[in-house]
Protein chains: 2
Amino acid sequence: MSSVAPPTLELREFNPTRPRVNPTLAELLQWVEQSQTPDRKTTSSNHNNVHHVLDLGFPSTSLSQSTYPFVLSFNNLTYSVKVRRKMTLLPSFRSAEAKLGGSPSSSSTKVLLNGVSGEAREGQIMAVLGASGSGKSTLIDALADRIAKYSLKGTVTLNDEILNSRMLKVISAYVMQDDLLFPMLTVEETLMFSAEFRLPRTLSKSKKKSRVQALIDQLGLRNAAKTVIGDEGHRGVSGGERRRVSIGIDIIHDPIVLFLDEPTSGLDSTSAFMVVKVLQRIAQSGSIVVMSVHQPSYRILGLLDRLVLLSHGQTVYSGSPANLPIFFGEFGHPIPETENRTEFALDLIRELEETPGGTKSLVEFNKSWQVTKRQKQKDANGCDNGACSMPKLSLKDAISASISRGKLVSGAPTDTNLASSVPTFANPMWIEMLVISKRSVTNSRRMPELFGIRLGAVLVTGIILATMFWHLDDSPMGVEERLGFFAFAMSTTFYTCAEAIPIFLQERYIFMRETAYNAYRRSSYVLAHSILSIPSLLILSLAFAATTFWAVGLAGGLHGFLFFFLTICSAFWAGSSFVTFLSGVVTHVMVGFTVVVAILAYFLLFSGFFISRDRIPVYWIWFHYISLVKYPYEAVLQNEFDDPMKCLVTGIQMFDNTPLGEVPVALKLKLLKNMSNILGLNITGSSCVTTGLDILKQQGITDISKWNCLWVTIAWGFFFRILFYFTLLFGSRNKRR
Amino acid sequence: MSSVAPPTLELREFNPTRPRVNPTLAELLQWVEQSQTPDRKTTSSNHNNVHHVLDLGFPSTSLSQSTYPFVLSFNNLTYSVKVRRKMTLLPSFRSAEAKLGGSPSSSSTKVLLNGVSGEAREGQIMAVLGASGSGKSTLIDALADRIAKYSLKGTVTLNDEILNSRMLKVISAYVMQDDLLFPMLTVEETLMFSAEFRLPRTLSKSKKKSRVQALIDQLGLRNAAKTVIGDEGHRGVSGGERRRVSIGIDIIHDPIVLFLDEPTSGLDSTSAFMVVKVLQRIAQSGSIVVMSVHQPSYRILGLLDRLVLLSHGQTVYSGSPANLPIFFGEFGHPIPETENRTEFALDLIRELEETPGGTKSLVEFNKSWQVTKRQKQKDANGCDNGACSMPKLSLKDAISASISRGKLVSGAPTDTNLASSVPTFANPMWIEMLVISKRSVTNSRRMPELFGIRLGAVLVTGIILATMFWHLDDSPMGVEERLGFFAFAMSTTFYTCAEAIPIFLQERYIFMRETAYNAYRRSSYVLAHSILSIPSLLILSLAFAATTFWAVGLAGGLHGFLFFFLTICSAFWAGSSFVTFLSGVVTHVMVGFTVVVAILAYFLLFSGFFISRDRIPVYWIWFHYISLVKYPYEAVLQNEFDDPMKCLVTGIQMFDNTPLGEVPVALKLKLLKNMSNILGLNITGSSCVTTGLDILKQQGITDISKWNCLWVTIAWGFFFRILFYFTLLFGSRNKRR
């Protein structure tokens, strides 16, 4: 017992079953901080196999974690999915199938988990082994609450209590196979941002920092702490270090249960060993570690406490690695001395799977063996692993005890009944947005070449357009060319946005992982993402507007330039929102790019440039109005031509582009005079016959004013951002059905 | 000795050193075939560890391959590359570097191989082990003649003779890590096509078939023979089977030396074992197998005959797996009984690498150990491995002996001096083209959806354009819209071709592997590829032309349609040639797509649609002429407007699109009459004032006739195909420098 433990804690430890409404972790942390004592570092020397996770400022108790262990039990887990057959177009095939399958539907059921039971204990690593397709990942998903409740049969309990999703999210972590990290953040920064997202606001910055430092030591990443993660183009940490950073991100809150899907895949033997060694350290700091693993090496096997071998969703072995030889020996297939045990076992299972009877015999043998084993242990000491020698703690008391030892740095409820009163997110929205923005800015500032390429592309296009449409005149031909320039310029703006698809797609995976455990609100992400895009859009727009406006000789002076610049901004904004939205819908870069290019081509076709609005067939007019290109195109066109005083065709130019174009000037003047007489007007060679307004009328640009065009373009941008939010909301479910 | 061996062979066997000009394999095969004997199946029962590769119809000799073994020796191999430093922009940095490095240049040298020696023998598997970056792949490349001669120091000999590249290509095979195969061919077809490419023409079809069948058995692929390879979208063979097919393709000619770069990577334990088991069978059929491997499992280790462990390009162990414990025991780091030997060794090496002294001590220990071992063996029996107990055969005699046993089905020279007289390719060009075409057609016919998607895209665009530009009238507005239609239609044609980039890129890797060993001429590939593209282009063109021509109301009747169709064909042809060429230059799908889209956009901008030719600034006129879109665009425009009798603007329409457009008809007629008087012409309301020719003149389309436009477009297609050929010629070098 600690000498200066807070009295309530002592009380609870002595009255483990006493029902009481516990405070939330935030409250707990507050009052333990107030009662800080000077002797808080008494146990710090023993930090390697007791947790040295975060010295939160309250005394460590001398309770060993094995005294009040957490036990994760799963019983008879069964999960099956409907497999859709390939479309059978001919009805005759379908009826044949129905005859064979006995069912008239074209889908069949595949059992992924079939009555799997077992338990994992605090301080231990439980490893799930099996060939691909055996159900390894499915079992991890089932335990980690990543399968919808209505699909999964059987129970998963922690200390005999069924966990609700919310509770599990707080006290557990799930580490995915792929290491999706921001490439230009250092290891330390990556973990620090994770701490800011997941640790409660009540925890001071310095406490978060010390948690990150402790974690860096625990993960064995001290030497790599200041190194950036890196990617193909940037040298960074090694594969094994990367994997450990990924794990670190997910255990920043020091969870009680840690699930990992093949944490060693893709690593070399030494790196893989280091990762599992770190996992052992985490387990010994008072956690349950459950992982799937493919072919553990001999050394890794030595770190695992409990194995579950699966074959076609059924347990074929469950127990310690040490018992494998006895088990297979009794089954009649002794493992040769020199062979790798798990390799032998997996190969044997594979061979059995190919026999007509399958692994049925082994499954049955395992069942009877489990019964015998349990009986033996009961006979020996009335208990297995010495855990049932004392009464098991209830879940809430176990969590409280764990917290009092410095465990669970996150905003965990200490009473499961009160889970709903705990805030789901660690931080308020504005802090989330701030942290997301800070991280994004830090990352992109270290990759200036990405923005450089976009700016370069815009500048090159701007310069080509500027030199191609150099100083357009105000003749009828010049007017045509201006129209062409605007159409091309506006489409380019949109196409430039398409280049961002790969970056958006990459970020989306990080987003999905982080929102899976409620690191922040989806809305914070969408908002921060939107706001962050604005500065770069402004720069790109300015670059494009400045290179083209005066070079082409557009109208309106400074005012005209400002409106032109604003319109390009709005087009960039709408375009990037559109592309962002699409990258939320499609998952493959190539598909995304093809779709964007095709849609933008149709937007251009229906924008009013190729066919003016009043000549578009009625059945296509809806497409004209949803064409994103229409609005900025009409806006810049009005900006160019809305001066009623500006003359685009004079009397003498009236005959350009007509069969009379090559008639001598004197004759043209004579014609004009004659026409004037007939019409009762006075048209001279220099009088204006076509103003900008006439051009707009010809082009059918009469429905929306130029400012409204600008607003509509901006509104489209917001519309697609909102759609993006909804794709994230509905598209990023992490559960299987 | 065989009872009915051809006399010359007998002679050579008894006079192994006698110099003589041997016949080429083709000749050899011919006369051995003539002297076919009935007892040729005497040794067929023993086909598992002697070769059962191809019963070519001549008698098997009773010579065991260990009597006249091939020995591949490498001595003191050293290879280093210049590593370019990151650009240092500031001169002060550079001078600081020069001070530190002692060299003023900004590049440093990295030693990849440092004095590596060893030998591999017939019937054995030699495995190269080491961490990534240790030089495994580099050593394999050095042995396989994939490093330029001037860069590689040291010697590689086969039976004491230095091999020239050409000879090595014929008697060896190199299997790459990635399994690039046509997804829709069956295993049997894949191997059969490889047989057709690599086995000499003199070998009859039935012999090739029996070689493929024998190989299928040797590879253990009998059950999968009729299964397609498969890809993401199509269920096919398993990963291990796929890998074995890859190996099979490269050993179709039954090479004497087989190099493999990590043949087990990415496979599960059982599949990996099966692959190495197959390699053992290949070695025992009279080949030398050299492979790199990452973490061999215990069972795989049992199949390896010789290990070479590398660390930073230096040998740290070389010998049999069985001697590993003795070696490391003597070095002072005994391997624990239960540990995996290679795992232990690799981990120890890694640990040493991190110490200040590195692996120097181990490298030195290995050197002295090798000397001692050799001495011991000499003392014991005057020889090692029993190979030097009889005189080594010269290379050419060894090859001849090997051929007489049915080995080396390929067009191998039996005299190294005559290598230059052997044809480099197995087949004449027309057969190559036929086989390439047959394979490509077989593969694509089983993936009709690929062409379906392209056809669908063309049809959808065609229908949208048809309905959008439905029945254009012959008014001035209608003329404008026709121009827009043609510009959009021609660009679409080109954009549609871009969708083929991923397929081209995928095929290119197969091409590179196949031409690396001279399976066929590059020109055959380019020609076959070009010819094969034509039928699909015709269908796509017809679909597009038929949906749009009458719907839009284009001019010229059947003749007009035919020319329109031909122009679209030519545009598809030029576009697909352009995209094919680009896919030969870029290696990444995303880059290729972005570049194509950008270039096509500029082609459109400079085509003459946005700015007519005579108004394009002089400094851009060159771009107008290289714009691929210009030529088909002008062709269809001339096809539309070249009828001098066709009236596009009548007298009364003259005032459309001018300020006088809304004047009453009566007044217009009066104006016309008046104008007629002044100009001395008779312009009535219905007289023609603008013909198609006038339009063409306005658009600046006066330089090239419509048929010439068509020819130029087609010529562009040929031009890019020729460029494609050159990119393949210069871009697909397989050697390191």
# chains A, B, ... in the order shown; residues from 1 in each chain; ligands from 1

call {"tool": "residues_around", "arguments": {"residues": "region 140-151 of chain A", "least_positions_apart": "6", "cutoff": "9 Å", "atoms": "only C-alpha atoms", "output": "mmCIF file with C-alpha atoms, in the first residue's frame"}}
result
data_model
loop_
_atom_site.group_PDB
_atom_site.id
_atom_site.type_symbol
_atom_site.label_atom_id
_atom_site.label_comp_id
_atom_site.auth_asym_id
_atom_site.auth_seq_id
_atom_site.Cartn_x
_atom_site.Cartn_y
_atom_site.Cartn_z
ATOM 1 C CA LEU A 72 -11.182 -10.215 -21.562
ATOM 2 C CA PHE A 74 -15.081 -14.208 -25.428
ATOM 3 C CA LEU A 77 -18.317 -16.019 -31.128
ATOM 4 C CA THR A 78 -20.029 -16.754 -34.432
ATOM 5 C CA TYR A 79 -20.140 -14.480 -37.431
ATOM 6 C CA SER A 80 -21.229 -15.188 -40.952
ATOM 7 C CA VAL A 81 -21.608 -13.066 -44.030
ATOM 8 C CA VAL A 128 -4.177 -15.279 -33.036
ATOM 9 C CA ASN A 164 -20.740 -0.939 -24.661
ATOM 10 C CA SER A 165 -19.135 0.602 -27.723
ATOM 11 C CA LEU A 168 -14.658 0.237 -25.304
ATOM 12 C CA LYS A 169 -13.595 3.199 -27.421
ATOM 13 C CA SER A 172 -9.191 0.194 -25.783
ATOM 14 C CA ALA A 173 -7.171 0.850 -28.902
ATOM 15 C CA TYR A 174 -7.116 -0.787 -32.293
ATOM 16 C CA VAL A 257 -7.052 -3.414 -24.034
ATOM 17 C CA LEU A 258 -4.924 -3.168 -27.170
ATOM 18 C CA PHE A 259 -5.877 -4.903 -30.421
ATOM 19 C CA LEU A 260 -3.407 -5.211 -33.292
ATOM 20 C CA ASP A 261 -3.940 -6.662 -36.760
ATOM 21 C CA VAL A 290 -4.472 -9.144 -28.488
ATOM 22 C CA MET A 291 -2.809 -9.456 -31.883
ATOM 23 C CA SER A 292 -2.956 -11.498 -35.039
ATOM 24 C CA ASN A 734 -15.386 1.148 -39.266
ATOM 25 C CA LYS A 735 -17.676 -1.717 -38.477
ATOM 26 C CA ARG A 736 -18.419 -4.786 -40.469
ATOM 27 C CA ARG A 737 -22.087 -5.473 -40.958
#

call {"tool": "residues_around", "arguments": {"residues": "Gln280 (chain B)", "least_positions_apart": "2", "cutoff": "12 Å", "atoms": "only C-alpha atoms", "output": "MDAnalysis selection string"}}
result
chainID B and resid 48:51 122:127 218:219 258 273:278 282:291 300:305

call {"tool": "write_last_selection", "arguments": {"atoms": "N, CA and C atoms", "output": "short mmCIF file (atom, residue, chain, number, x, y, z; two decimals), in the first residue's frame"}}
result
data_model
loop_
_atom_site.label_atom_id
_atom_site.label_comp_id
_atom_site.auth_asym_id
_atom_site.auth_seq_id
_atom_site.Cartn_x
_atom_site.Cartn_y
_atom_site.Cartn_z
N ASN B 48 12.50 -38.11 -61.06
CA ASN B 48 12.34 -37.07 -60.05
C ASN B 48 13.64 -36.34 -59.69
N ASN B 49 14.73 -37.05 -59.64
CA ASN B 49 15.93 -36.27 -59.39
C ASN B 49 16.93 -36.27 -60.54
N VAL B 50 16.66 -37.01 -61.60
CA VAL B 50 17.31 -36.68 -62.86
C VAL B 50 16.26 -35.85 -63.60
N HIS B 51 16.67 -35.13 -64.61
CA HIS B 51 15.71 -34.28 -65.30
C HIS B 51 14.69 -35.12 -66.07
N GLU B 122 26.31 -27.46 -59.93
CA GLU B 122 25.17 -28.14 -60.55
C GLU B 122 24.52 -29.06 -59.51
N GLY B 123 23.20 -29.10 -59.53
CA GLY B 123 22.48 -29.98 -58.62
C GLY B 123 22.22 -29.37 -57.27
N GLN B 124 22.79 -28.16 -57.06
CA GLN B 124 22.66 -27.54 -55.74
C GLN B 124 21.92 -26.21 -55.80
N ILE B 125 21.38 -25.82 -54.66
CA ILE B 125 20.82 -24.47 -54.52
C ILE B 125 21.78 -23.66 -53.67
N MET B 126 22.23 -22.54 -54.23
CA MET B 126 23.01 -21.62 -53.42
C MET B 126 22.11 -20.45 -53.04
N ALA B 127 22.03 -20.17 -51.73
CA ALA B 127 21.16 -19.08 -51.29
C ALA B 127 22.00 -17.95 -50.73
N GLN B 218 6.83 -30.74 -63.35
CA GLN B 218 7.99 -30.38 -62.54
C GLN B 218 7.65 -29.26 -61.56
N LEU B 219 6.81 -28.33 -62.00
CA LEU B 219 6.45 -27.18 -61.17
C LEU B 219 5.33 -27.52 -60.20
N LEU B 258 20.25 -20.87 -63.14
CA LEU B 258 19.00 -20.16 -62.85
C LEU B 258 19.23 -19.20 -61.69
N PHE B 273 7.75 -22.90 -49.26
CA PHE B 273 8.42 -24.20 -49.23
C PHE B 273 8.25 -24.93 -50.56
N MET B 274 7.02 -24.90 -51.07
CA MET B 274 6.74 -25.56 -52.35
C MET B 274 7.61 -24.98 -53.46
N VAL B 275 7.78 -23.65 -53.45
CA VAL B 275 8.59 -23.01 -54.49
C VAL B 275 10.03 -23.50 -54.40
N VAL B 276 10.59 -23.54 -53.20
CA VAL B 276 11.98 -23.95 -53.06
C VAL B 276 12.12 -25.44 -53.37
N LYS B 277 11.09 -26.19 -53.04
CA LYS B 277 11.09 -27.61 -53.38
C LYS B 277 11.19 -27.78 -54.90
N VAL B 278 10.42 -26.98 -55.62
CA VAL B 278 10.48 -27.00 -57.08
C VAL B 278 11.88 -26.62 -57.57
N ILE B 282 14.53 -28.62 -59.88
CA ILE B 282 15.18 -28.05 -61.07
C ILE B 282 16.69 -28.23 -60.98
N ALA B 283 17.26 -27.95 -59.80
CA ALA B 283 18.70 -28.11 -59.62
C ALA B 283 19.09 -29.55 -59.89
N GLN B 284 18.29 -30.46 -59.36
CA GLN B 284 18.64 -31.88 -59.51
C GLN B 284 18.48 -32.36 -60.95
N SER B 285 17.76 -31.61 -61.76
CA SER B 285 17.67 -31.98 -63.16
C SER B 285 18.90 -31.49 -63.93
N GLY B 286 19.90 -31.01 -63.23
CA GLY B 286 21.16 -30.66 -63.87
C GLY B 286 21.41 -29.17 -64.00
N SER B 287 20.86 -28.38 -63.09
CA SER B 287 21.06 -26.93 -63.16
C SER B 287 21.74 -26.42 -61.90
N ILE B 288 22.28 -25.21 -62.02
CA ILE B 288 22.78 -24.49 -60.86
C ILE B 288 21.70 -23.48 -60.49
N VAL B 289 21.25 -23.48 -59.24
CA VAL B 289 20.24 -22.51 -58.82
C VAL B 289 20.88 -21.56 -57.83
N VAL B 290 20.81 -20.27 -58.14
CA VAL B 290 21.33 -19.24 -57.24
C VAL B 290 20.18 -18.31 -56.89
N MET B 291 19.88 -18.17 -55.61
CA MET B 291 18.75 -17.31 -55.25
C MET B 291 19.08 -16.47 -54.01
N ILE B 300 12.67 -24.73 -45.29
CA ILE B 300 13.36 -24.28 -46.51
C ILE B 300 14.86 -24.44 -46.36
N LEU B 301 15.35 -24.12 -45.17
CA LEU B 301 16.78 -24.25 -44.89
C LEU B 301 17.27 -25.65 -45.22
N GLY B 302 16.40 -26.65 -44.96
CA GLY B 302 16.75 -28.04 -45.22
C GLY B 302 16.96 -28.34 -46.70
N LEU B 303 16.43 -27.46 -47.57
CA LEU B 303 16.55 -27.69 -49.01
C LEU B 303 17.77 -26.98 -49.61
N LEU B 304 18.37 -26.07 -48.83
CA LEU B 304 19.47 -25.28 -49.38
C LEU B 304 20.78 -26.04 -49.20
N ASP B 305 21.63 -25.98 -50.23
CA ASP B 305 22.89 -26.71 -50.16
C ASP B 305 24.04 -25.83 -49.72
#

call {"tool": "closest_atom_pairs", "arguments": {"of": "chain A", "to": "chain B", "cutoff": "7 Å", "atoms": "only C-alpha atoms", "output": "tab-separated table"}}
result
residue	atom	partner	partner_atom	distance
A:Thr270	CA	B:Asp347	CA	6.4
A:Tyr298	CA	B:Glu339	CA	6.4
A:Thr338	CA	B:Thr338	CA	6.3
A:Glu339	CA	B:Tyr298	CA	6.5
A:Asn340	CA	B:Tyr298	CA	6.8
A:Asp347	CA	B:Thr270	CA	6.5
A:Met468	CA	B:Pro617	CA	6.3
A:Glu481	CA	B:Ile611	CA	6.1
A:Gly484	CA	B:Phe610	CA	5.4
A:Met590	CA	B:Met590	CA	6.8
A:Phe610	CA	B:Gly484	CA	5.4
A:Ile611	CA	B:Glu481	CA	6.1
A:Ile616	CA	B:Met468	CA	6.8
A:Pro617	CA	B:Met468	CA	6.4
A:Pro659	CA	B:Val689	CA	5.9
A:Leu671	CA	B:Met675	CA	6.3
A:Met675	CA	B:Leu671	CA	6.3
A:Ile678	CA	B:Leu671	CA	7.0
A:Val689	CA	B:Pro659	CA	5.9
A:Thr690	CA	B:Pro659	CA	6.1

call {"tool": "write_last_selection", "arguments": {"atoms": "C-alpha atoms", "output": "PDB file, in the first residue's frame"}}
result
ATOM      1  CA  THR A 270      14.749  -8.000 -35.933  1.00  0.00           C
ATOM      2  CA  TYR A 298      11.175 -18.467 -32.778  1.00  0.00           C
ATOM      3  CA  THR A 338      14.278 -28.991 -34.224  1.00  0.00           C
ATOM      4  CA  GLU A 339      11.225 -27.637 -36.060  1.00  0.00           C
ATOM      5  CA  ASN A 340       9.628 -24.272 -35.411  1.00  0.00           C
ATOM      6  CA  ASP A 347       1.538 -26.584 -41.981  1.00  0.00           C
ATOM      7  CA  MET A 468      -1.337  33.152 -76.816  1.00  0.00           C
ATOM      8  CA  GLU A 481     -11.187  35.151 -78.759  1.00  0.00           C
ATOM      9  CA  GLY A 484     -12.434  31.439 -75.826  1.00  0.00           C
ATOM     10  CA  MET A 590      -7.024   6.670 -60.993  1.00  0.00           C
ATOM     11  CA  PHE A 610     -20.110  25.988 -76.881  1.00  0.00           C
ATOM     12  CA  ILE A 611     -23.837  26.615 -77.117  1.00  0.00           C
ATOM     13  CA  ILE A 616     -29.364  24.579 -75.417  1.00  0.00           C
ATOM     14  CA  PRO A 617     -32.077  21.911 -75.944  1.00  0.00           C
ATOM     15  CA  PRO A 659     -19.001  38.880 -97.253  1.00  0.00           C
ATOM     16  CA  LEU A 671     -23.255  51.857 -97.343  1.00  0.00           C
ATOM     17  CA  MET A 675     -28.439  52.458 -94.161  1.00  0.00           C
ATOM     18  CA  ILE A 678     -33.320  53.954 -94.379  1.00  0.00           C
ATOM     19  CA  VAL A 689     -23.038  49.506 -83.339  1.00  0.00           C
ATOM     20  CA  THR A 690     -22.273  46.762 -80.798  1.00  0.00           C
TER      21      THR A 690
END

call {"tool": "select_by_dssp", "arguments": {"residues": "region 475-672 of chain A", "states": "strand (DSSP E or B)", "output": "VMD selection string"}}
result
chain A and resid 647 to 650

call {"tool": "residues_around", "arguments": {"residues": "region 326-334 of chain B", "least_positions_apart": "5", "cutoff": "8 Å", "atoms": "only C-alpha atoms", "output": "list in words"}}
result
Ala345, Leu362, Phe365 and Trp369 of chain B

call {"tool": "select_by_dssp", "arguments": {"residues": "region 286-515 of chain B", "states": "alpha helix (DSSP H)", "output": "PyMOL selection string"}}
result
chain B and resi 298-301+324-331+341-354+360-381+395-404+429-445+448-468+476-498+501-515
